[in-house]
file start.cif (mmCIF, C-alpha atoms)
data_data
#
loop_
_atom_site.label_atom_id
_atom_site.label_comp_id
_atom_site.auth_asym_id
_atom_site.auth_seq_id
_atom_site.Cartn_x
_atom_site.Cartn_y
_atom_site.Cartn_z
CA MET A 4 -13.85 -5.21 -16.61
CA SER A 5 -17.38 -6.32 -15.87
CA ARG A 6 -19.79 -4.29 -13.74
CA ASN A 7 -19.67 -7.10 -11.18
CA ILE A 8 -15.92 -6.72 -10.71
CA GLN A 9 -16.25 -2.94 -10.39
CA THR A 10 -18.97 -3.29 -7.74
CA GLN A 11 -16.76 -5.78 -5.92
CA ALA A 12 -13.85 -3.30 -6.02
CA ILE A 13 -16.04 -0.56 -4.49
CA TRP A 14 -17.04 -2.92 -1.67
CA VAL A 15 -13.40 -3.82 -1.12
CA TRP A 16 -12.45 -0.12 -0.99
CA MET A 17 -15.19 0.55 1.58
CA SER A 18 -13.98 -2.43 3.64
CA LEU A 19 -10.40 -1.13 3.47
CA VAL A 20 -11.50 2.31 4.68
CA VAL A 21 -13.51 0.79 7.55
CA LEU A 22 -10.63 -1.56 8.50
CA THR A 23 -8.11 1.30 8.37
CA THR A 24 -10.11 3.73 10.52
CA GLY A 25 -11.33 0.90 12.77
CA SER A 26 -7.85 -0.51 13.43
CA PHE A 27 -6.51 3.03 13.93
CA PHE A 28 -8.91 3.73 16.81
CA PHE A 29 -8.71 0.13 17.99
CA GLY A 30 -4.88 0.37 18.02
CA SER A 31 -4.92 3.65 19.91
CA LEU A 32 -6.39 1.67 22.84
CA GLY A 33 -3.09 -0.24 23.02
CA GLY A 34 -0.17 0.59 25.28
CA GLY A 35 0.20 0.54 29.01
CA GLY A 36 2.13 -2.67 29.31
CA SER A 37 -0.45 -5.44 29.66
CA GLY A 38 -0.56 -8.49 27.44
CA GLY A 39 -4.14 -7.78 26.36
CA GLU A 40 -3.17 -4.41 24.95
CA HIS A 41 -0.33 -5.96 22.98
CA ILE A 42 -2.76 -8.46 21.50
CA LEU A 43 -4.69 -5.46 20.15
CA LEU A 44 -1.54 -4.22 18.41
CA LEU A 45 -0.84 -7.71 17.07
CA LEU A 46 -4.35 -7.64 15.61
CA VAL A 47 -3.63 -4.23 14.04
CA LEU A 48 -0.65 -5.77 12.20
CA ALA A 49 -2.70 -8.84 11.21
CA ILE A 50 -5.46 -6.55 9.86
CA ALA A 51 -2.84 -4.63 7.85
CA LEU A 52 -1.71 -7.93 6.28
CA GLY A 53 -5.35 -8.72 5.50
CA LYS A 54 -5.73 -5.33 3.81
CA VAL A 55 -2.63 -6.04 1.71
CA TRP A 56 -4.22 -9.33 0.61
CA LEU A 57 -7.42 -7.49 -0.39
CA VAL A 58 -5.48 -4.90 -2.44
CA GLY A 59 -3.55 -7.64 -4.24
CA ARG A 60 -6.57 -9.83 -4.81
CA TYR A 61 -9.10 -7.23 -5.96
CA PHE A 62 -7.26 -4.04 -7.01
CA MET A 63 -4.26 -5.73 -8.65
CA GLU A 64 -6.67 -8.38 -9.99
CA LEU A 65 -4.64 -11.31 -8.72
CA LYS A 66 -7.96 -13.05 -8.24
CA TYR A 67 -8.07 -13.55 -12.01
CA ALA A 68 -4.33 -14.14 -12.46
CA PRO A 69 -2.73 -17.52 -13.26
CA GLN A 70 -2.35 -19.73 -10.23
CA SER A 71 1.46 -19.46 -10.36
CA LEU A 72 1.37 -15.66 -9.94
CA ARG A 73 -1.26 -15.91 -7.20
CA ARG A 74 0.92 -18.46 -5.43
CA VAL A 75 4.01 -16.21 -5.57
CA ALA A 76 1.97 -13.33 -4.13
CA ASP A 77 0.57 -15.57 -1.39
CA ILE A 78 4.05 -16.88 -0.52
CA TRP A 79 5.27 -13.27 -0.27
CA LEU A 80 2.41 -12.43 2.08
CA VAL A 81 3.08 -15.48 4.28
CA ILE A 82 6.84 -14.72 4.49
CA THR A 83 6.16 -11.02 5.22
CA GLY A 84 3.51 -11.90 7.80
CA CYS A 85 5.78 -14.42 9.56
CA ILE A 86 8.65 -11.91 9.75
CA ILE A 87 6.52 -9.01 11.01
CA LEU A 88 4.30 -10.92 13.42
CA GLY A 89 7.16 -13.18 14.56
CA LEU A 90 9.43 -10.24 15.46
CA PHE A 91 6.51 -8.45 17.11
CA ILE A 92 5.72 -11.47 19.29
CA THR A 93 9.36 -12.12 20.23
CA SER A 94 9.78 -8.49 21.35
CA TRP A 95 6.61 -8.83 23.37
CA GLU A 96 8.33 -11.05 25.92
CA GLY A 97 10.83 -8.27 26.62
CA VAL A 98 8.00 -5.77 27.15
CA LEU A 99 6.10 -8.00 29.58
CA SER A 100 9.17 -8.96 31.60
CA GLY A 101 9.72 -5.25 32.08
CA MET B 18 -12.65 0.62 -29.63
CA ASN B 19 -11.49 -2.77 -30.67
CA SER B 20 -14.16 -4.65 -28.75
CA ALA B 21 -12.81 -8.06 -29.70
CA ALA B 22 -9.40 -7.17 -28.28
CA VAL B 23 -10.92 -5.84 -25.09
CA GLU B 24 -13.08 -8.89 -24.67
CA GLU B 25 -9.99 -11.01 -25.05
CA VAL B 26 -8.26 -9.34 -22.11
CA SER B 27 -11.26 -8.84 -19.85
CA PRO B 28 -10.98 -10.89 -16.65
CA THR B 29 -14.37 -12.48 -16.96
CA HIS B 30 -13.08 -15.99 -16.54
CA THR B 31 -10.96 -17.77 -13.98
CA SER B 32 -8.59 -19.59 -16.31
CA GLY B 33 -5.98 -17.00 -15.42
CA ARG B 34 -4.65 -13.88 -17.09
CA ILE B 35 -1.66 -11.82 -15.95
CA PRO B 36 -2.90 -8.31 -15.19
CA GLY B 37 -0.62 -6.14 -17.32
CA GLU B 38 2.79 -7.07 -18.69
CA ALA B 39 4.62 -10.10 -17.28
CA GLY B 40 7.82 -8.01 -17.05
CA ALA B 41 6.06 -5.47 -14.85
CA TRP B 42 5.19 -8.26 -12.42
CA VAL B 43 8.84 -9.34 -12.19
CA PHE B 44 9.62 -5.79 -11.06
CA ILE B 45 6.60 -5.61 -8.72
CA ILE B 46 7.30 -8.93 -7.01
CA GLY B 47 11.01 -8.06 -6.71
CA ASP B 48 10.13 -4.73 -5.11
CA MET B 49 7.74 -6.45 -2.72
CA PHE B 50 10.52 -8.76 -1.51
CA ILE B 51 12.92 -5.83 -1.08
CA PHE B 52 10.33 -4.11 1.12
CA THR B 53 9.82 -7.36 3.06
CA ALA B 54 13.51 -7.13 4.01
CA LEU B 55 12.99 -3.50 5.04
CA PHE B 56 9.91 -4.45 7.11
CA GLY B 57 12.09 -7.07 8.81
CA VAL B 58 14.76 -4.45 9.55
CA ILE B 59 12.13 -2.13 11.13
CA MET B 60 10.72 -4.89 13.31
CA TYR B 61 14.19 -6.16 14.27
CA TYR B 62 15.40 -2.70 15.35
CA ARG B 63 12.10 -2.21 17.15
CA SER B 64 12.64 -5.42 19.11
CA GLN B 65 16.14 -4.20 20.08
CA HIS B 66 15.10 -0.64 21.03
CA LEU B 67 11.54 -0.91 22.34
CA GLU B 68 11.69 2.16 24.57
CA LEU B 69 13.34 4.34 21.94
CA PHE B 70 10.77 3.32 19.32
CA ALA B 71 7.90 4.00 21.74
CA GLU B 72 9.26 7.48 22.57
CA SER B 73 10.03 8.31 18.95
CA GLN B 74 6.59 7.23 17.73
CA GLN B 75 5.14 9.87 20.06
CA GLU B 76 6.86 12.50 17.91
CA LEU B 77 4.92 11.43 14.80
CA ASN B 78 1.55 12.88 13.92
CA GLN B 79 -0.68 9.79 13.66
CA ALA B 80 -3.42 11.81 11.93
CA PHE B 81 -1.03 12.49 9.02
CA GLY B 82 -0.43 8.75 8.70
CA LEU B 83 -4.14 7.91 8.81
CA ILE B 84 -5.11 10.61 6.28
CA ASN B 85 -2.32 9.51 3.92
CA THR B 86 -3.52 5.89 4.12
CA LEU B 87 -7.07 6.92 3.23
CA VAL B 88 -5.77 9.17 0.44
CA LEU B 89 -3.80 6.27 -1.12
CA LEU B 90 -6.75 3.87 -0.81
CA THR B 91 -8.94 6.43 -2.58
CA GLY B 92 -6.28 6.87 -5.28
CA SER B 93 -6.31 3.11 -5.78
CA ILE B 94 -10.07 2.78 -6.27
CA LEU B 95 -9.97 5.72 -8.71
CA VAL B 96 -7.36 3.84 -10.76
CA VAL B 97 -9.51 0.68 -10.66
CA ARG B 98 -12.46 2.74 -11.98
CA ALA B 99 -10.24 4.39 -14.59
CA SER B 100 -9.10 0.98 -15.79
CA ALA B 101 -12.74 -0.11 -16.16
CA ALA B 102 -13.59 3.10 -18.04
CA PHE B 103 -10.62 2.66 -20.41
CA THR B 104 -11.61 -0.96 -21.06
CA ALA B 105 -15.11 0.24 -21.94
CA ALA B 106 -13.58 2.87 -24.29
CA ARG B 107 -14.85 5.73 -22.09
CA ARG B 108 -11.57 7.56 -22.51
CA LEU B 109 -12.66 10.96 -21.18
CA VAL B 110 -13.99 9.37 -17.98
CA ALA B 111 -10.79 7.33 -17.62
CA SER B 112 -8.68 10.46 -18.08
CA ARG B 113 -10.66 12.36 -15.43
CA LEU B 114 -10.44 9.47 -12.96
CA LEU B 115 -6.69 9.27 -13.52
CA GLY B 116 -6.48 13.02 -12.91
CA ALA B 117 -8.27 12.54 -9.57
CA ALA B 118 -5.89 9.67 -8.66
CA ILE B 119 -2.90 11.90 -9.50
CA ALA B 120 -4.42 14.57 -7.21
CA CYS B 121 -4.55 11.94 -4.42
CA GLY B 122 -0.87 11.19 -5.01
CA LEU B 123 0.01 14.89 -4.84
CA CYS B 124 -2.04 15.20 -1.66
CA PHE B 125 0.06 12.39 -0.13
CA VAL B 126 3.27 14.21 -1.17
CA ALA B 127 2.01 17.48 0.35
CA ILE B 128 1.10 15.82 3.68
CA LYS B 129 4.41 13.94 3.79
CA SER B 130 6.31 17.17 3.10
CA LEU B 131 4.43 18.89 5.92
CA GLU B 132 5.25 15.99 8.23
CA TYR B 133 8.96 15.88 7.29
CA GLY B 134 9.16 19.68 7.65
CA SER B 135 7.55 19.60 11.08
CA LEU B 136 9.85 16.78 12.30
CA ILE B 137 12.99 18.46 10.97
CA GLN B 138 11.92 21.73 12.60
CA ASP B 139 11.61 19.85 15.91
CA GLY B 140 15.18 18.59 15.49
CA TRP B 141 14.46 15.04 14.26
CA TRP B 142 16.45 13.77 11.29
CA ILE B 143 18.17 10.63 9.97
CA HIS B 144 21.02 10.74 12.50
CA SER B 145 18.81 11.50 15.55
CA ASN B 146 18.29 7.82 16.44
CA GLU B 147 17.57 4.37 14.94
CA PHE B 148 13.83 5.00 14.67
CA PHE B 149 14.18 8.22 12.71
CA MET B 150 16.96 6.78 10.56
CA LEU B 151 14.58 3.99 9.47
CA PHE B 152 11.59 6.33 9.30
CA PHE B 153 13.21 8.87 6.95
CA VAL B 154 15.04 6.31 4.80
CA ILE B 155 12.17 3.84 4.35
CA THR B 156 9.29 6.34 4.06
CA GLY B 157 11.61 8.32 1.75
CA ALA B 158 12.08 5.24 -0.44
CA HIS B 159 8.31 4.78 -0.43
CA LEU B 160 7.83 8.44 -1.36
CA LEU B 161 10.19 7.94 -4.29
CA HIS B 162 8.02 5.00 -5.41
CA LEU B 163 4.96 7.23 -5.10
CA LEU B 164 6.55 9.95 -7.24
CA LEU B 165 7.35 7.31 -9.89
CA GLY B 166 3.72 6.15 -9.58
CA ILE B 167 2.48 9.70 -10.21
CA GLY B 168 4.78 9.83 -13.25
CA ALA B 169 3.33 6.51 -14.47
CA LEU B 170 -0.24 7.80 -14.03
CA LEU B 171 0.62 10.99 -15.95
CA LEU B 172 1.93 8.86 -18.83
CA LEU B 173 -1.18 6.64 -18.69
CA ARG B 174 -3.40 9.74 -18.79
CA LYS B 175 -1.60 10.98 -21.87
CA GLN B 176 -1.97 7.55 -23.47
CA VAL B 177 -5.68 7.33 -22.58
CA ARG B 178 -6.36 10.70 -24.18
CA ARG B 179 -4.40 9.87 -27.32
CA ASP B 180 -4.85 6.18 -28.08
CA ALA B 181 -7.68 3.70 -28.33
CA SER B 182 -8.03 0.88 -25.82
CA THR B 183 -6.27 -1.80 -27.82
CA ARG B 184 -4.99 -4.97 -26.21
CA ARG B 185 -1.44 -3.59 -26.04
CA ASN B 186 -2.59 -0.28 -24.52
CA LEU B 187 -4.75 -2.06 -21.94
CA ALA B 188 -1.80 -4.20 -20.87
CA LEU B 189 0.34 -1.07 -20.44
CA PHE B 190 -2.47 0.59 -18.51
CA GLU B 191 -2.82 -2.40 -16.20
CA SER B 192 0.95 -2.52 -15.58
CA GLY B 193 0.92 1.14 -14.51
CA ALA B 194 -2.19 0.56 -12.40
CA CYS B 195 -0.60 -2.45 -10.63
CA TYR B 196 2.49 -0.38 -9.85
CA TRP B 197 0.22 2.28 -8.34
CA HIS B 198 -1.52 -0.36 -6.20
CA LEU B 199 1.92 -1.62 -5.10
CA VAL B 200 2.67 1.84 -3.67
CA ASP B 201 -0.63 1.65 -1.76
CA LEU B 202 0.04 -1.91 -0.58
CA LEU B 203 3.50 -1.06 0.81
CA TRP B 204 2.15 1.94 2.71
CA LEU B 205 -0.57 -0.24 4.28
CA MET B 206 2.26 -2.09 6.11
CA LEU B 207 4.49 0.91 6.82
CA PHE B 208 1.67 2.88 8.49
CA PRO B 209 1.09 0.56 11.47
CA MET B 210 4.79 -0.28 11.83
CA PHE B 211 5.89 3.35 12.22
CA TYR B 212 2.78 5.07 13.61
CA MET B 213 0.91 2.55 15.71
CA VAL B 214 2.58 -0.51 17.21
CA ASN B 215 5.51 1.13 19.00
CA VAL B 216 4.13 1.33 22.52
CA LEU B 217 5.27 -0.08 25.81
#
call {"tool": "encode", "arguments": {"input": "start.cif", "output": "structure tokens"}}
result
Amino acid sequence: MSRNIQTQAIWVWMSLVVLTTGSFFFGSLGGGGSGGEHILLLLVLAIALGKVWLVGRYFMELKYAPQSLRRVADIWLVITGCIILGLFITSWEGVLSG
Amino acid sequence: MNSAAVEEVSPTHTSGRIPGEAGAWVFIIGDMFIFTALFGVIMYYRSQHLELFAESQQELNQAFGLINTLVLLTGSILVVRASAAFTAARRLVASRLLGAAIACGLCFVAIKSLEYGSLIQDGWWIHSNEFFMLFFVITGAHLLHLLLGIGALLLLRKQVRRDASTRRNLALFESGACYWHLVDLLWLMLFPMFYMVNVL
């Protein structure tokens, strides 16, 4: 593993820590019933999916993997993201209508 | 160290190289899809019981969830560094880094045990409601994965201390490391779904 890749991994780890703590405090602003606050929580889930992509890409070294493996991992992320975000958004309507 | 072998497996090009054993990736991808189904179940039940999920989330200690996420992320970067050290034939450094990653895993187990203990003491358990059924079953399944991950890291540490970084050993190391990152990756999704987004 080259020094470049290691440095990159450290940067990714720092980004993950910042995104985790940031979205934690950011997410704690949510709640209270308005649409704006639910958008914050939707962003928290989207950030979590982004963090998963970073872990796969840089820690699991998918960045250097054959395209077929990268594609499978990307398809998994898209399917997972659609299910999670889709169900979150559909439940949202119920929250807003009271 | 067999430098030629290491050079051969180092990801210094973009032509594509499977990190670890191909068989390990079949297991990893399969596990990821199983957890996707579980994520779907959580979000589906949440959409059906919004109030219950919001009330139940209040019973969880969000700080435990946050600390455990940071602990797993730290464990992951330690494994990345250990992998680099093993590739460079710095076996003692790799062993120490793996030891630190194992400590992170044990820290996660300790915090989770504290959390489970506190919830059970307050009267929450699998049959309390839908939220806690999913919480205990799915975080329990994740905890089982983590314990297997700690076992894998212990085996890797033994291997690092004993054997040189040959191509075969590096592939085994990377397979174990990817499994460890999988445990981290799954928790990154479980944390917001159980601890953060259930509000009205």
call {"tool": "resolve_selection", "arguments": {"input": "start.cif", "expression": "the PyMOL selection byres ((chain B) within 8 of (chain A))", "output": "ChimeraX atom specification"}}
result
/B:27-36,46,49-50,53,56-57,60-61,63-65,67,83,86-87,90-91,93-94,97-98,100-101,104-105,194-195,198,202-203,205-206,209-210,213-214,216-217
call {"tool": "closest_residue", "arguments": {"input": "start.cif", "among": "B:Leu207, B:Val126, B:Leu131, B:Val110", "to": "B:Phe152", "atoms": "all atoms listed in the file"}}
result
B:Leu207
call {"tool": "atom_distance", "arguments": {"input": "start.cif", "atom1": "atom CA of B:Trp204", "atom2": "atom CA of B:Ala102"}}
result
26.1 Å
call {"tool": "atom_distance", "arguments": {"input": "start.cif", "atom1": "atom CA of B:Gln75", "atom2": "atom CA of B:Gly122"}}
result
25.8 Å
call {"tool": "build_atoms", "arguments": {"input": "start.cif", "residues": "stretch 189-200 of chain B", "atoms": "all heavy atoms", "output": "CSV table (one decimal), in the coordinates of the input"}}
result
chain,number,residue,atom,x,y,z
B,189,LEU,N,-0.5,-2.1,-21.0
B,189,LEU,CA,0.3,-1.1,-20.4
B,189,LEU,C,-0.4,-0.3,-19.3
B,189,LEU,O,0.2,-0.1,-18.3
B,189,LEU,CB,0.7,0.0,-21.5
B,189,LEU,CG,1.8,-0.4,-22.5
B,189,LEU,CD1,1.9,0.6,-23.6
B,189,LEU,CD2,3.1,-0.5,-21.7
B,190,PHE,N,-1.7,-0.1,-19.5
B,190,PHE,CA,-2.5,0.6,-18.5
B,190,PHE,C,-2.5,-0.2,-17.2
B,190,PHE,O,-2.3,0.3,-16.1
B,190,PHE,CB,-3.9,0.8,-19.0
B,190,PHE,CG,-4.7,1.7,-18.2
B,190,PHE,CD1,-5.0,3.0,-18.6
B,190,PHE,CD2,-5.2,1.3,-16.9
B,190,PHE,CE1,-5.8,3.8,-17.8
B,190,PHE,CE2,-5.9,2.1,-16.1
B,190,PHE,CZ,-6.2,3.4,-16.6
B,191,GLU,N,-2.7,-1.5,-17.4
B,191,GLU,CA,-2.8,-2.4,-16.2
B,191,GLU,C,-1.5,-2.5,-15.5
B,191,GLU,O,-1.5,-2.6,-14.2
B,191,GLU,CB,-3.3,-3.8,-16.6
B,191,GLU,CG,-4.8,-3.8,-16.9
B,191,GLU,CD,-5.3,-5.2,-17.4
B,191,GLU,OE1,-4.5,-6.0,-17.7
B,191,GLU,OE2,-6.5,-5.4,-17.3
B,192,SER,N,-0.4,-2.5,-16.2
B,192,SER,CA,1.0,-2.5,-15.6
B,192,SER,C,1.1,-1.3,-14.7
B,192,SER,O,1.6,-1.4,-13.6
B,192,SER,CB,2.1,-2.6,-16.6
B,192,SER,OG,1.9,-3.7,-17.4
B,193,GLY,N,0.8,-0.1,-15.3
B,193,GLY,CA,0.9,1.1,-14.5
B,193,GLY,C,0.0,1.1,-13.3
B,193,GLY,O,0.4,1.5,-12.2
B,194,ALA,N,-1.2,0.6,-13.5
B,194,ALA,CA,-2.2,0.6,-12.4
B,194,ALA,C,-1.7,-0.4,-11.3
B,194,ALA,O,-1.8,0.0,-10.1
B,194,ALA,CB,-3.5,0.1,-12.9
B,195,CYS,N,-1.1,-1.5,-11.6
B,195,CYS,CA,-0.6,-2.4,-10.6
B,195,CYS,C,0.6,-1.8,-9.9
B,195,CYS,O,0.7,-2.0,-8.6
B,195,CYS,CB,-0.2,-3.8,-11.3
B,195,CYS,SG,-1.6,-4.8,-11.7
B,196,TYR,N,1.4,-1.1,-10.5
B,196,TYR,CA,2.5,-0.4,-9.8
B,196,TYR,C,1.9,0.6,-8.8
B,196,TYR,O,2.4,0.7,-7.7
B,196,TYR,CB,3.4,0.3,-10.9
B,196,TYR,CG,4.5,1.1,-10.2
B,196,TYR,CD1,5.6,0.4,-9.7
B,196,TYR,CD2,4.4,2.5,-9.9
B,196,TYR,CE1,6.7,1.1,-9.0
B,196,TYR,CE2,5.4,3.1,-9.2
B,196,TYR,CZ,6.5,2.4,-8.8
B,196,TYR,OH,7.5,3.1,-8.1
B,197,TRP,N,0.9,1.3,-9.2
B,197,TRP,CA,0.2,2.3,-8.3
B,197,TRP,C,-0.4,1.6,-7.1
B,197,TRP,O,-0.2,2.0,-6.0
B,197,TRP,CB,-0.9,3.0,-9.1
B,197,TRP,CG,-1.6,4.1,-8.2
B,197,TRP,CD1,-2.8,4.0,-7.6
B,197,TRP,CD2,-1.0,5.3,-7.8
B,197,TRP,NE1,-3.0,5.1,-6.9
B,197,TRP,CE2,-2.0,6.0,-7.0
B,197,TRP,CE3,0.2,6.0,-8.1
B,197,TRP,CZ2,-1.7,7.2,-6.5
B,197,TRP,CZ3,0.4,7.3,-7.6
B,197,TRP,CH2,-0.6,7.9,-6.7
B,198,HIS,N,-1.0,0.4,-7.3
B,198,HIS,CA,-1.5,-0.4,-6.2
B,198,HIS,C,-0.4,-0.9,-5.3
B,198,HIS,O,-0.6,-1.0,-4.1
B,198,HIS,CB,-2.4,-1.5,-6.7
B,198,HIS,CG,-3.6,-1.1,-7.5
B,198,HIS,ND1,-4.4,-0.1,-7.1
B,198,HIS,CD2,-4.0,-1.5,-8.7
B,198,HIS,CE1,-5.4,0.1,-8.0
B,198,HIS,NE2,-5.1,-0.8,-9.0
B,199,LEU,N,0.8,-1.2,-5.9
B,199,LEU,CA,1.9,-1.6,-5.1
B,199,LEU,C,2.3,-0.5,-4.1
B,199,LEU,O,2.6,-0.8,-2.9
B,199,LEU,CB,3.1,-1.9,-6.0
B,199,LEU,CG,4.5,-2.1,-5.4
B,199,LEU,CD1,4.6,-3.5,-4.7
B,199,LEU,CD2,5.6,-2.0,-6.4
B,200,VAL,N,2.3,0.7,-4.5
B,200,VAL,CA,2.7,1.8,-3.7
B,200,VAL,C,1.7,1.9,-2.5
B,200,VAL,O,2.1,2.1,-1.3
B,200,VAL,CB,2.7,3.2,-4.5
B,200,VAL,CG1,2.9,4.4,-3.5
B,200,VAL,CG2,3.7,3.2,-5.6
